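Containing compact mmCIF, C-alpha atoms: protein-v2.txt.
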```
# COMPACT_ATOMS: atom_id res chain seq x y z
CA MET A 4 -52.31 17.27 -55.09
CA ASN A 5 -53.49 18.65 -51.81
CA SER A 6 -53.58 15.15 -50.41
CA ILE A 7 -49.99 14.59 -51.51
CA GLN A 8 -48.86 17.88 -50.01
CA GLY A 9 -50.64 17.01 -46.80
CA GLN A 10 -48.96 13.67 -46.70
CA ALA A 11 -45.57 15.33 -47.33
CA ARG A 12 -46.19 17.69 -44.45
CA GLN A 13 -47.17 14.76 -42.29
CA ASN A 14 -43.98 12.98 -43.26
CA GLU A 15 -41.96 16.09 -42.38
CA GLU A 16 -43.69 16.29 -39.03
CA ILE A 17 -42.95 12.63 -38.34
CA THR A 18 -39.33 13.20 -39.42
CA ASP A 19 -39.05 16.19 -37.06
CA SER A 20 -40.54 14.10 -34.29
CA LEU A 21 -37.99 11.35 -34.93
CA ARG A 22 -35.18 13.92 -34.95
CA ALA A 23 -36.40 15.34 -31.66
CA GLN A 24 -36.51 11.84 -30.19
CA ARG A 25 -32.97 11.15 -31.43
CA LYS A 26 -31.77 14.46 -30.01
CA GLN A 27 -33.43 13.66 -26.72
CA LYS A 28 -31.81 10.23 -26.75
CA GLU A 29 -28.40 11.82 -27.44
CA GLU A 30 -28.93 14.28 -24.58
CA LEU A 31 -29.92 11.38 -22.34
CA GLN A 32 -26.83 9.49 -23.41
CA THR A 33 -24.65 12.57 -22.79
CA THR A 34 -26.18 13.02 -19.33
CA HIS A 35 -25.63 9.33 -18.63
CA GLU A 36 -21.95 9.56 -19.70
CA ARG A 37 -21.46 12.67 -17.55
CA GLU A 38 -22.97 10.89 -14.58
CA MET A 39 -20.73 7.91 -15.24
CA GLU A 40 -17.67 10.20 -15.40
CA ASN A 41 -18.71 11.88 -12.13
CA LEU A 42 -19.25 8.50 -10.54
CA LYS A 43 -15.88 7.28 -11.80
CA ALA A 44 -14.15 10.46 -10.57
CA SER A 45 -15.82 10.22 -7.16
CA TYR A 46 -15.01 6.56 -6.84
CA SER A 47 -11.42 7.16 -8.02
CA ALA A 48 -10.99 9.91 -5.39
CA GLU A 49 -12.35 7.67 -2.67
CA LYS A 50 -10.22 4.81 -3.90
CA ALA A 51 -7.07 7.01 -3.96
CA HIS A 52 -7.82 8.26 -0.43
CA ALA A 53 -8.27 4.74 0.89
CA THR A 54 -5.19 3.54 -0.99
CA ASP A 55 -2.96 6.29 0.56
CA ARG A 56 -3.90 5.28 4.09
CA PHE A 57 -4.23 1.51 3.81
CA GLU A 58 -2.29 0.56 0.66
CA SER A 59 -0.23 -2.24 2.20
CA ALA A 60 -3.05 -3.79 4.26
CA ALA A 61 -6.05 -3.31 1.91
CA GLN A 62 -4.73 -4.82 -1.33
CA ASN A 63 -7.36 -7.56 -1.46
CA GLU A 64 -10.20 -5.11 -0.69
CA ARG A 65 -9.00 -2.77 -3.43
CA LEU A 66 -8.94 -5.59 -5.98
CA GLN A 67 -12.45 -6.60 -4.92
CA HIS A 68 -13.71 -3.01 -5.31
CA TYR A 69 -12.10 -2.81 -8.72
CA GLU A 70 -13.83 -6.03 -9.75
CA ASN A 71 -17.17 -4.69 -8.46
CA LEU A 72 -16.66 -1.46 -10.41
CA ARG A 73 -15.85 -3.40 -13.56
CA LYS A 74 -18.98 -5.53 -13.14
CA LEU A 75 -21.06 -2.41 -12.47
CA LYS A 76 -19.65 -0.75 -15.59
CA HIS A 77 -20.45 -3.82 -17.68
CA GLN A 78 -23.95 -3.98 -16.22
CA ILE A 79 -24.56 -0.29 -16.94
CA SER A 80 -23.24 -0.76 -20.47
CA ARG A 81 -25.61 -3.69 -20.96
CA GLU A 82 -28.51 -1.64 -19.59
CA GLU A 83 -27.58 1.26 -21.86
CA ARG A 84 -27.46 -1.02 -24.88
CA ASP A 85 -30.78 -2.59 -23.88
CA LEU A 86 -32.35 0.84 -23.42
CA GLU A 87 -31.05 2.02 -26.78
CA SER A 88 -32.24 -1.18 -28.45
CA ARG A 89 -35.69 -0.92 -26.89
CA GLY A 90 -35.92 2.75 -27.92
CA LYS A 91 -34.91 1.95 -31.47
CA ASP A 92 -37.40 -0.92 -31.61
CA ALA A 93 -40.22 1.28 -30.26
CA ILE A 94 -39.43 4.05 -32.72
CA SER A 95 -39.18 1.56 -35.57
CA ASP A 96 -42.55 0.01 -34.65
CA LYS A 97 -44.25 3.38 -34.39
CA THR A 98 -42.71 4.48 -37.68
CA LEU A 99 -43.91 1.37 -39.49
CA ARG A 100 -47.36 1.78 -38.00
CA LEU A 101 -47.54 5.41 -39.10
CA GLN A 102 -46.33 4.50 -42.58
CA LYS A 103 -49.02 1.86 -42.89
CA GLU A 104 -51.64 4.30 -41.67
CA GLU A 105 -50.40 6.87 -44.15
CA ILE A 106 -50.56 4.36 -47.01
CA MET A 107 -54.05 3.27 -46.01
CA ALA A 108 -55.27 6.84 -45.64
CA ASP A 109 -53.72 7.79 -48.97
CA GLN A 110 -55.36 4.89 -50.75
CA GLU A 111 -58.69 5.59 -49.14
CA GLY A 112 -58.50 9.28 -49.97
CA ARG A 113 -57.66 8.60 -53.59
CA LYS A 114 -60.56 6.20 -53.91
CA ARG A 115 -62.93 8.72 -52.41
CA VAL A 116 -61.67 11.50 -54.66
CA GLU A 117 -61.97 9.39 -57.81
CA SER A 118 -65.45 8.19 -56.85
CA THR A 119 -66.56 11.71 -56.04
CA MET A 120 -65.12 13.12 -59.29
CA LYS A 121 -66.92 10.43 -61.35
CA LYS A 122 -70.27 10.56 -59.56
CA TYR A 123 -70.53 14.20 -58.55
CA ALA A 124 -68.76 16.22 -61.23
CA ALA A 125 -71.12 19.05 -60.68
CA LEU A 126 -70.35 19.17 -57.00
CA GLU A 127 -66.54 19.13 -57.50
CA GLU A 128 -66.00 22.25 -55.44
CA TYR A 129 -68.08 20.98 -52.59
CA GLU A 130 -66.36 17.61 -52.62
CA ARG A 131 -62.96 19.32 -52.73
CA GLN A 132 -63.81 21.26 -49.59
CA ALA A 133 -65.09 18.13 -47.91
CA THR A 134 -61.89 16.33 -48.86
CA GLN A 135 -59.79 19.15 -47.44
CA GLN A 136 -61.76 19.04 -44.22
CA ALA A 137 -61.29 15.28 -44.01
CA ASN A 138 -57.55 15.65 -44.60
CA GLU A 139 -57.29 18.26 -41.87
CA ASN A 140 -59.12 16.01 -39.45
CA ALA A 141 -56.86 13.11 -40.37
CA ARG A 142 -53.75 15.26 -39.82
CA GLU A 143 -55.07 16.36 -36.47
CA LEU A 144 -55.68 12.78 -35.46
CA ARG A 145 -52.23 11.72 -36.60
CA LYS A 146 -50.70 14.68 -34.79
CA ILE A 147 -52.48 13.72 -31.58
CA GLY A 148 -51.32 10.11 -32.05
CA SER A 149 -47.72 11.25 -32.57
CA GLN A 150 -47.84 13.40 -29.45
CA GLN A 151 -49.15 10.49 -27.42
CA ILE A 152 -46.38 8.25 -28.75
CA THR A 153 -43.75 10.89 -27.91
CA GLU A 154 -45.14 11.38 -24.42
CA GLU A 155 -45.15 7.63 -23.81
CA ALA A 156 -41.57 7.32 -25.03
CA GLU A 157 -40.45 10.28 -22.84
CA SER A 158 -42.23 8.80 -19.85
CA SER A 159 -40.56 5.43 -20.40
CA VAL A 160 -37.12 7.02 -20.80
CA GLU A 161 -37.61 9.18 -17.69
CA LYS A 162 -38.69 6.14 -15.69
CA MET A 163 -35.64 4.20 -16.82
CA ARG A 164 -33.37 7.13 -15.97
CA ILE A 165 -34.85 7.41 -12.47
CA GLU A 166 -34.43 3.66 -11.94
CA LYS A 167 -30.84 3.84 -13.14
CA ASN A 168 -30.04 6.81 -10.87
CA ASN A 169 -31.57 5.03 -7.89
CA TYR A 170 -29.56 1.90 -8.66
CA LEU A 171 -26.30 3.88 -9.02
CA ALA A 172 -27.01 5.80 -5.79
CA GLY A 173 -27.58 2.51 -3.98
CA ARG A 174 -24.34 1.04 -5.32
CA LYS A 175 -22.44 4.20 -4.37
CA GLN A 176 -23.86 4.06 -0.84
CA ASN A 177 -22.86 0.39 -0.56
CA HIS A 178 -19.30 1.24 -1.60
CA SER A 179 -19.19 4.14 0.86
CA ASP A 180 -20.42 1.88 3.67
CA ALA A 181 -17.80 -0.73 2.75
CA LEU A 182 -15.01 1.86 2.77
CA GLY A 183 -16.22 3.17 6.13
CA GLY A 184 -16.15 -0.35 7.55
CA ILE A 185 -12.60 -0.87 6.30
CA GLU A 186 -11.44 2.43 7.81
CA GLU A 187 -13.06 1.58 11.14
CA HIS A 188 -11.44 -1.88 11.13
CA TYR A 189 -7.94 -0.56 10.52
CA ARG A 190 -8.46 2.32 12.93
CA ASN A 191 -9.25 -0.22 15.66
CA LEU A 192 -6.18 -2.24 14.69
CA ARG A 193 -3.98 0.85 14.87
CA GLU A 194 -5.37 1.80 18.29
CA THR A 195 -4.75 -1.75 19.52
CA PHE A 196 -1.15 -1.68 18.25
CA GLU A 197 -0.55 1.75 19.80
CA GLU A 198 -1.90 0.54 23.14
CA GLN A 199 0.37 -2.51 23.01
CA GLN A 200 3.37 -0.31 22.16
CA ARG A 201 2.57 2.03 25.05
CA GLU A 202 2.32 -0.90 27.45
CA GLU A 203 5.60 -2.36 26.16
CA LEU A 204 7.31 1.06 26.42
CA THR A 205 6.03 1.51 29.98
CA SER A 206 7.26 -1.98 30.86
CA LEU A 207 10.68 -1.26 29.34
CA GLU A 208 10.94 2.05 31.20
CA GLU A 209 10.02 0.40 34.50
CA ARG A 210 12.45 -2.45 33.90
CA GLY A 211 15.22 -0.01 32.89
CA PHE A 212 14.58 2.08 35.99
CA ARG A 213 14.69 -1.03 38.20
CA GLU A 214 17.94 -2.22 36.59
CA LEU A 215 19.54 1.22 36.86
CA ASN A 216 18.36 1.55 40.45
CA GLN A 217 19.78 -1.92 41.25
CA LYS A 218 23.12 -1.01 39.65
CA ARG A 219 23.27 2.13 41.76
CA ILE A 220 22.49 0.12 44.91
CA ASP A 221 25.15 -2.48 43.97
CA GLN A 222 27.65 0.31 43.34
CA ALA A 223 26.79 1.93 46.67
CA GLN A 224 27.24 -1.42 48.41
CA ALA A 225 30.58 -1.94 46.65
CA ILE A 226 31.74 1.52 47.73
CA SER A 227 30.58 0.89 51.31
CA LEU A 228 32.96 -2.08 51.46
CA HIS A 229 35.90 0.36 51.55
CA SER A 230 36.10 0.78 55.32
CA GLU A 231 39.50 2.49 55.28
CA LYS A 232 40.54 5.75 53.73
CA THR A 233 43.51 4.22 51.95
CA THR A 234 41.29 1.82 49.96
CA ASP A 235 38.40 4.23 49.17
CA PRO A 236 38.71 5.56 45.56
CA PHE A 237 37.27 8.89 46.67
CA TYR A 238 40.41 9.64 48.72
CA GLN A 239 42.84 8.52 46.02
CA LEU A 240 44.93 10.87 43.93
CA ARG A 241 43.65 11.65 40.44
CA ARG A 242 45.82 12.93 37.62
CA PHE A 243 45.46 13.93 33.99
CA GLU A 244 46.81 11.96 31.07
CA SER A 245 48.47 14.91 29.37
CA ALA A 246 51.41 15.61 27.04
CA MET A 247 53.24 18.95 26.66
CA ILE A 248 54.88 19.27 23.24
CA ASP A 249 57.41 21.97 22.38
CA GLU A 250 56.80 23.18 18.82
CA GLY A 251 59.47 25.89 18.69
CA PRO A 252 57.60 29.21 18.90
CA SER A 253 54.77 27.66 20.90
CA TYR A 254 53.73 24.82 23.22
CA ARG A 255 50.92 22.34 22.49
CA LEU A 256 49.23 20.68 25.46
CA ASN A 257 47.12 17.56 24.77
CA ILE A 258 44.88 16.36 27.61
CA LYS A 259 42.94 13.10 27.37
CA VAL A 260 39.55 13.84 28.95
CA PRO A 261 36.21 12.03 28.48
CA PRO A 262 33.44 14.16 26.96
CA HIS A 263 31.40 14.43 30.19
CA GLU A 264 34.34 16.06 32.05
CA ARG A 265 35.48 18.57 29.41
CA LYS A 266 33.11 21.31 30.59
CA GLY A 267 34.83 21.57 33.99
CA LEU A 268 38.37 21.61 32.52
CA ARG A 269 40.44 24.78 32.14
CA ILE A 270 44.10 25.92 32.32
CA GLN A 271 45.92 28.92 33.75
CA ALA A 272 49.35 30.23 32.75
CA ASN A 273 51.82 32.50 34.56
CA GLY A 274 55.44 33.02 33.69
CA GLN A 275 56.86 29.56 32.91
CA ASP A 276 54.14 27.57 34.68
CA VAL A 277 50.90 26.07 33.35
CA GLN A 278 48.25 24.71 35.72
CA ILE A 279 45.47 22.32 34.62
CA ILE A 280 42.32 22.52 36.73
CA GLY A 281 39.31 20.21 36.67
CA VAL A 282 36.05 19.94 38.62
CA ARG A 283 33.60 16.99 38.76
CA VAL A 284 30.14 17.03 40.35
CA SER A 285 27.79 14.03 40.52
CA ASP A 286 24.23 13.68 41.91
CA GLN A 287 22.78 10.19 42.23
CA GLU A 288 19.62 8.82 43.83
CA ALA A 289 18.29 5.28 44.35
CA PHE A 290 15.34 3.56 46.08
CA GLU A 291 15.49 0.43 48.21
CA GLN A 292 12.65 -1.05 50.30
CA GLY A 293 10.90 2.21 51.14
CA ARG A 294 14.16 4.16 51.41
CA SER A 295 15.45 6.97 49.23
CA ILE A 296 19.25 7.08 49.01
CA SER A 297 21.06 10.06 47.47
CA THR A 298 24.70 11.07 47.15
CA ARG A 299 26.27 14.31 45.90
CA THR A 300 29.98 14.13 45.05
CA HIS A 301 32.18 17.16 44.35
CA GLN A 302 35.80 16.67 43.40
CA SER A 303 38.44 19.10 42.13
CA PHE A 304 41.92 18.19 40.92
CA SER A 305 44.84 20.08 39.36
CA GLU A 306 48.22 19.53 37.78
CA LYS A 307 51.07 22.02 37.49
CA ILE A 308 53.62 21.86 34.67
CA SER A 309 56.86 23.90 34.60
CA LEU A 310 58.16 24.94 31.18
CA ASP A 311 61.63 25.81 29.90
CA SER A 312 60.57 29.13 28.36
CA PRO A 313 58.18 31.86 29.50
CA ILE A 314 54.83 31.95 27.75
CA ASP A 315 52.26 34.57 26.74
CA ALA A 316 48.97 33.87 28.60
CA LYS A 317 47.01 36.02 26.10
CA THR A 318 47.66 33.57 23.25
CA ILE A 319 46.01 30.49 24.80
CA THR A 320 43.68 28.73 22.34
CA ARG A 321 41.46 25.72 23.09
CA THR A 322 40.35 22.98 20.65
CA GLU A 323 38.33 19.86 21.41
CA THR A 324 39.41 16.63 19.69
CA ASP A 325 38.07 13.07 19.57
CA SER A 326 40.21 11.96 22.51
CA GLY A 327 40.22 15.13 24.65
CA VAL A 328 41.14 18.82 24.66
CA GLU A 329 44.12 20.55 23.03
CA PHE A 330 45.58 23.89 24.22
CA LYS A 331 48.14 25.95 22.30
CA ILE A 332 50.25 28.65 23.99
CA GLN A 333 52.72 30.99 22.28
CA LYS A 334 56.12 31.68 23.81
CA LEU A 335 57.08 35.22 24.72
CA GLY A 336 58.92 36.95 21.87
CA ALA A 337 57.30 34.83 19.12
CA SER A 338 56.15 36.65 15.95
CA ARG A 339 52.64 38.09 16.11
CA ASN A 340 52.03 36.81 12.60
CA GLU A 341 52.37 33.20 13.81
CA THR A 342 49.82 33.59 16.61
CA LYS A 343 46.08 33.11 16.40
CA GLU A 344 43.50 35.43 17.81
CA PRO A 345 42.43 33.77 21.12
CA ASP A 346 38.75 33.22 21.78
CA PRO A 347 36.92 35.32 24.41
CA GLU A 348 37.03 32.54 27.02
CA THR A 349 40.84 32.20 26.71
CA ARG A 350 41.37 35.97 26.95
CA SER A 351 39.23 36.03 30.08
CA ASN A 352 41.21 33.16 31.62
CA SER A 353 44.49 34.91 30.77
CA ARG A 354 43.43 38.17 32.42
CA ILE A 355 42.36 36.29 35.56
CA ALA A 356 45.68 34.38 35.61
CA LYS A 357 47.64 37.64 35.81
CA GLN A 358 45.64 38.97 38.72
CA ILE A 359 45.41 35.95 41.06
CA ARG A 360 47.72 33.26 42.34
CA PHE A 361 47.50 29.52 41.81
CA SER A 362 46.70 28.86 45.45
CA GLU A 363 43.61 31.03 45.15
CA THR A 364 42.34 29.41 41.96
CA LEU A 365 41.65 25.95 43.33
CA PRO A 366 37.88 25.50 43.42
CA SER A 367 36.27 24.75 46.75
CA PRO A 368 33.40 22.29 47.02
CA SER A 369 29.94 23.77 47.32
CA PHE A 370 27.37 21.84 49.28
CA SER A 371 23.76 22.09 48.23
CA THR A 372 20.66 20.01 48.59
CA PRO A 373 20.66 17.31 45.88
CA LYS A 374 17.84 17.37 43.37
CA SER A 375 15.43 14.50 43.71
CA GLY A 376 14.04 12.71 40.72
CA LYS A 377 13.09 9.26 39.57
CA GLY A 378 16.25 7.66 38.17
CA THR A 379 18.06 10.94 37.34
CA ILE A 380 21.82 11.35 37.05
CA SER A 381 23.32 14.85 36.85
```
Here is the file; what I need is its structure written in the form of structure tokens.
Amino acid sequence: MNSIQGQARQNEEITDSLRAQRKQKEELQTTHEREMENLKASYSAEKAHATDRFESAAQNERLQHYENLRKLKHQISREERDLESRGKDAISDKTLRLQKEEIMADQEGRKRVESTMKKYAALEEYERQATQQANENARELRKIGSQQITEEAESSVEKMRIEKNNYLAGRKQNHSDALGGIEEHYRNLRETFEEQQREELTSLEERGFRELNQKRIDQAQAISLHSEKTTDPFYQLRRFESAMIDEGPSYRLNIKVPPHERKGLRIQANGQDVQIIGVRVSDQEAFEQGRSISTRTHQSFSEKISLDSPIDAKTITRTETDSGVEFKIQKLGASRNETKEPDPETRSNSRIAKQIRFSETLPSPSFSTPKSGKGTIS
């Protein structure tokens, strides 16, 4: 009975050892899956980063990396299955060996006990103690053998884990180096394209400056052909293309003016007269064979319109349209409810119109040193 109980305890110890090995294998598998998830997450982050920057140009490289990852995953799965198979085989072999040893020890013990009981009935107590001592020694030996087997299995698993980690680290480094090479390649391409664009832009700017400078020189030569005052456009009369429309309680004045001349346009009103005043200033500079040529032109022009009814200078309003500028002036005696509140600039012009005469409002040209600059037009 003691031998059977001892064998049962030995079986329980072996079962506990197997459970510990299975638990250790599960922990190893869990660690391996976590490492795989981390590796997948890291690789996915790197892949997403590379895809954001070089998605259109790195399609083939991305497909190749995906294929490499798939092969690596399959290889790791095969290695995991091989490791699990080898572990199961080793455990199965050790279990069978222990079972055989247990059977042999059990048979041998029973034979010894039966022989001792038949031959030495008088020494039953002594033989029982000897048998117990033998069983204890056998258990100790089996325990030592089990510990050695467990240590060997742990050592083998740890070695495989280290080899797997080293292999994964090497593959990760290879992928990182490949991504770095791709980034460097496309960075060089981008710098080359930017340099080409800068050179083309510089060439276009120089060519545009030369063409503009040549047009200015041609224009200056064309103007210099006017040797008489009567043919020079500068001395010709300039007028506005305007239309005064009577709308009953008010007048509407439409003036066709290009956008670049609207800033210098204004009107003044007094009694039954409206005067349109405009000022134009132009600075131009050109270069020809070591010479710098510049011209500053200042021109003022005006137009006076007489109306049939007196007007209220305080009600002048200004509106810019697609074709020019529109002014609206109320007649004296018109209802206040039909008038608009004039803007500050119109009120200021109206106050000035009451205080000064038309002859004093014509602007006089101001001469100043023209600003120099490469291809500038003011």
### Task
Go ahead and compute the interatomic distance for CA of Leu86 in chain A and CA of Thr153 in chain A, in Å to one decimal.
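According to the coordinates, CA of Leu86 in chain A and CA of Thr153 in chain A are separated by 15.8 Å.
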### Task
Record the distance separating CA of Lys28 in chain A and CA of Ser47 in chain A, expressed in Å with one decimal.
27.9 Å
### Query
Quick one: residues within 12 Å of range 203-216 of chain A, only C-alpha atoms counted, chain neighbours fewer than 2 positions away excluded, as a PyMOL selection string?
chain A and resi 196-201+218-223+287-292+295-297+376-380
### Query
Hey, can you check how far CA of Tyr69 in chain A sits from CA of Ala51 in chain A?
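Value for the CA of Tyr69 in chain A-CA of Ala51 in chain A distance: 12.0 Å.
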Centre, edges in Å (one decimal): axis-aligned box, range 207-215 of chain A, 4 Å padding on all six sides, as AutoDock Vina command-line options:
```
--center_x 14.8 --center_y -0.2 --center_z 33.8 --size_x 17.5 --size_y 12.5 --size_z 16.9
```
Counting all atoms listed in the file, which residues sit no farther than 12 Å from the position (-54.5, 13.4, -39.1) in the file's frame? I'd like them as a compact mmCIF listing (two decimals) with C-alpha atoms, in the coordinates of the input.
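Ended up saving to selection-v1.txt:
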```
# COMPACT_ATOMS: atom_id res chain seq x y z
CA SER A 6 -53.58 15.15 -50.41
CA GLY A 9 -50.64 17.01 -46.80
CA GLN A 10 -48.96 13.67 -46.70
CA ARG A 12 -46.19 17.69 -44.45
CA GLN A 13 -47.17 14.76 -42.29
CA ASN A 14 -43.98 12.98 -43.26
CA GLU A 16 -43.69 16.29 -39.03
CA ILE A 17 -42.95 12.63 -38.34
CA LEU A 101 -47.54 5.41 -39.10
CA GLU A 104 -51.64 4.30 -41.67
CA GLU A 105 -50.40 6.87 -44.15
CA ALA A 108 -55.27 6.84 -45.64
CA ASP A 109 -53.72 7.79 -48.97
CA GLN A 135 -59.79 19.15 -47.44
CA GLN A 136 -61.76 19.04 -44.22
CA ALA A 137 -61.29 15.28 -44.01
CA ASN A 138 -57.55 15.65 -44.60
CA GLU A 139 -57.29 18.26 -41.87
CA ASN A 140 -59.12 16.01 -39.45
CA ALA A 141 -56.86 13.11 -40.37
CA ARG A 142 -53.75 15.26 -39.82
CA GLU A 143 -55.07 16.36 -36.47
CA LEU A 144 -55.68 12.78 -35.46
CA ARG A 145 -52.23 11.72 -36.60
CA LYS A 146 -50.70 14.68 -34.79
CA ILE A 147 -52.48 13.72 -31.58
CA GLY A 148 -51.32 10.11 -32.05
CA SER A 149 -47.72 11.25 -32.57
CA GLN A 150 -47.84 13.40 -29.45
```
### Message
Let me make sure I understand: among A:Ser159, A:His301, A:Met39, A:Lys307, which one has the smallest atom-to-atom distance to Phe237 in chain A if we use only C-alpha atoms?
### Response
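Checking each of A:Ser159, A:His301, A:Met39, A:Lys307 against Phe237 in chain A, counting only C-alpha atoms, the winner is A:His301.
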### Message
Please list, as a ChimeraX atom specification, the residues that have an atom at most 12 Å away from (60.4, 30.6, 29.4) in the coordinates of this file, counting all atoms listed in the file.
### Response
/A:249,251-254,272-277,309-316,332-337
### Minimum-distance residue to Pro261 in chain A, chosen among A:Leu21, A:Val328, A:Ile185, A:Val160 (using only C-alpha atoms)
A:Val328
Please output range 315-331 of chain A, rebuilt to include N, CA and C atoms, as a PDB file, in the coordinates of the input.
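Writing done, so here's part_0.pdb:
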```
ATOM      1  N   ASP A 315      53.184  33.428  26.801  1.00  0.00           N
ATOM      2  CA  ASP A 315      52.260  34.570  26.740  1.00  0.00           C
ATOM      3  C   ASP A 315      50.843  34.053  27.019  1.00  0.00           C
ATOM      4  N   ALA A 316      50.279  34.388  28.199  1.00  0.00           N
ATOM      5  CA  ALA A 316      48.970  33.870  28.600  1.00  0.00           C
ATOM      6  C   ALA A 316      47.836  34.371  27.700  1.00  0.00           C
ATOM      7  N   LYS A 317      48.056  35.471  26.969  1.00  0.00           N
ATOM      8  CA  LYS A 317      47.010  36.020  26.100  1.00  0.00           C
ATOM      9  C   LYS A 317      46.792  35.186  24.842  1.00  0.00           C
ATOM     10  N   THR A 318      47.736  34.311  24.519  1.00  0.00           N
ATOM     11  CA  THR A 318      47.660  33.570  23.250  1.00  0.00           C
ATOM     12  C   THR A 318      47.106  32.153  23.428  1.00  0.00           C
ATOM     13  N   ILE A 319      46.518  31.845  24.565  1.00  0.00           N
ATOM     14  CA  ILE A 319      46.010  30.490  24.800  1.00  0.00           C
ATOM     15  C   ILE A 319      44.785  30.246  23.900  1.00  0.00           C
ATOM     16  N   THR A 320      44.834  29.151  23.166  1.00  0.00           N
ATOM     17  CA  THR A 320      43.680  28.730  22.340  1.00  0.00           C
ATOM     18  C   THR A 320      43.289  27.310  22.739  1.00  0.00           C
ATOM     19  N   ARG A 321      41.990  27.026  22.684  1.00  0.00           N
ATOM     20  CA  ARG A 321      41.460  25.720  23.090  1.00  0.00           C
ATOM     21  C   ARG A 321      40.735  25.071  21.914  1.00  0.00           C
ATOM     22  N   THR A 322      40.988  23.766  21.714  1.00  0.00           N
ATOM     23  CA  THR A 322      40.350  22.980  20.650  1.00  0.00           C
ATOM     24  C   THR A 322      40.001  21.604  21.194  1.00  0.00           C
ATOM     25  N   GLU A 323      38.746  21.199  20.984  1.00  0.00           N
ATOM     26  CA  GLU A 323      38.330  19.860  21.410  1.00  0.00           C
ATOM     27  C   GLU A 323      38.565  18.862  20.289  1.00  0.00           C
ATOM     28  N   THR A 324      39.128  17.699  20.642  1.00  0.00           N
ATOM     29  CA  THR A 324      39.410  16.630  19.690  1.00  0.00           C
ATOM     30  C   THR A 324      38.596  15.398  20.055  1.00  0.00           C
ATOM     31  N   ASP A 325      38.794  14.313  19.290  1.00  0.00           N
ATOM     32  CA  ASP A 325      38.070  13.070  19.570  1.00  0.00           C
ATOM     33  C   ASP A 325      38.471  12.470  20.907  1.00  0.00           C
ATOM     34  N   SER A 326      39.732  12.605  21.281  1.00  0.00           N
ATOM     35  CA  SER A 326      40.210  11.960  22.510  1.00  0.00           C
ATOM     36  C   SER A 326      40.240  12.896  23.711  1.00  0.00           C
ATOM     37  N   GLY A 327      40.126  14.216  23.509  1.00  0.00           N
ATOM     38  CA  GLY A 327      40.220  15.130  24.650  1.00  0.00           C
ATOM     39  C   GLY A 327      40.206  16.573  24.225  1.00  0.00           C
ATOM     40  N   VAL A 328      41.072  17.378  24.900  1.00  0.00           N
ATOM     41  CA  VAL A 328      41.140  18.820  24.660  1.00  0.00           C
ATOM     42  C   VAL A 328      42.591  19.185  24.365  1.00  0.00           C
ATOM     43  N   GLU A 329      42.772  20.101  23.410  1.00  0.00           N
ATOM     44  CA  GLU A 329      44.120  20.550  23.030  1.00  0.00           C
ATOM     45  C   GLU A 329      44.229  22.051  23.249  1.00  0.00           C
ATOM     46  N   PHE A 330      45.288  22.469  23.975  1.00  0.00           N
ATOM     47  CA  PHE A 330      45.580  23.890  24.220  1.00  0.00           C
ATOM     48  C   PHE A 330      46.876  24.240  23.517  1.00  0.00           C
ATOM     49  N   LYS A 331      46.936  25.456  22.958  1.00  0.00           N
ATOM     50  CA  LYS A 331      48.140  25.950  22.300  1.00  0.00           C
ATOM     51  C   LYS A 331      48.502  27.302  22.896  1.00  0.00           C
TER      52      LYS A 331
END
```
